[in-house]
Amino acid sequence: MNGPAYAFSSGPVDVVGAGEVAAVRAVRAVREAARPALDAVRRGARPPAGALAALNEALAAAPSHRVLA
C-alpha cells in the first residue's frame, strides 16, 4: 500500500449504516461551518463564533492522525 491506511473505503458500500450516515453528517457540518468562517476571513473579519465553535467541535471529535517521517 502506497498511501496512508484509512478506516473507511473510498468506494461504494453495500449497505449504508449508521456509521456512514454519521460520517456524511460530520462532513456537512464542517462544510457549513467552514463557509461563513472563510467568507469572513476573506473580508478581513473575524470568523463568526458559532462557526469556530462548530469547527472546534468537529476537530475534537475527529480521530488523530500522525505521520512520522
# chains A, B, ... in the order shown; residues from 1 in each chain; ligands from 1

call {"tool": "select_by_dssp", "arguments": {"residues": "chain A", "states": "helix (DSSP H, G or I)", "output": "ChimeraX atom specification"}}
result
/A:18-42,49-61

call {"tool": "write_last_selection", "arguments": {"atoms": "C-alpha atoms", "output": "compact mmCIF listing (two decimals), in the first residue's frame"}}
result
# COMPACT_ATOMS: atom_id res chain seq x y z
CA ALA A 18 -25.34 4.47 10.97
CA GLY A 19 -21.57 4.94 10.63
CA GLU A 20 -21.82 6.14 7.05
CA VAL A 21 -24.73 8.46 7.86
CA ALA A 22 -22.80 9.94 10.80
CA ALA A 23 -19.73 10.47 8.62
CA VAL A 24 -21.73 12.33 5.98
CA ARG A 25 -23.39 14.47 8.64
CA ALA A 26 -19.99 15.33 10.11
CA VAL A 27 -18.62 16.37 6.71
CA ARG A 28 -21.69 18.50 6.04
CA ALA A 29 -21.38 20.18 9.44
CA VAL A 30 -17.74 21.07 8.72
CA ARG A 31 -18.65 22.43 5.28
CA GLU A 32 -21.49 24.51 6.70
CA ALA A 33 -19.22 25.95 9.41
CA ALA A 34 -16.23 26.49 7.12
CA ARG A 35 -18.14 28.56 4.56
CA PRO A 36 -19.01 31.54 6.82
CA ALA A 37 -15.63 31.31 8.55
CA LEU A 38 -13.75 31.50 5.25
CA ASP A 39 -16.02 34.24 3.92
CA ALA A 40 -15.28 36.35 6.99
CA VAL A 41 -11.53 35.78 6.77
CA ARG A 42 -11.53 36.70 3.09
CA ALA A 49 -18.14 32.48 16.95
CA GLY A 50 -20.68 29.81 16.01
CA ALA A 51 -18.63 28.72 13.01
CA LEU A 52 -15.47 28.50 15.11
CA ALA A 53 -17.32 26.52 17.79
CA ALA A 54 -18.63 24.05 15.20
CA LEU A 55 -15.17 23.61 13.67
CA ASN A 56 -13.57 23.14 17.09
CA GLU A 57 -16.24 20.55 17.97
CA ALA A 58 -15.51 18.66 14.74
CA LEU A 59 -11.77 18.75 15.44
CA ALA A 60 -12.29 17.46 18.97
CA ALA A 61 -14.43 14.58 17.69

call {"tool": "atom_distance", "arguments": {"atom1": "atom CA of Gly17 of chain A", "atom2": "atom CA of Pro63 of chain A"}}
result
19.6 Å
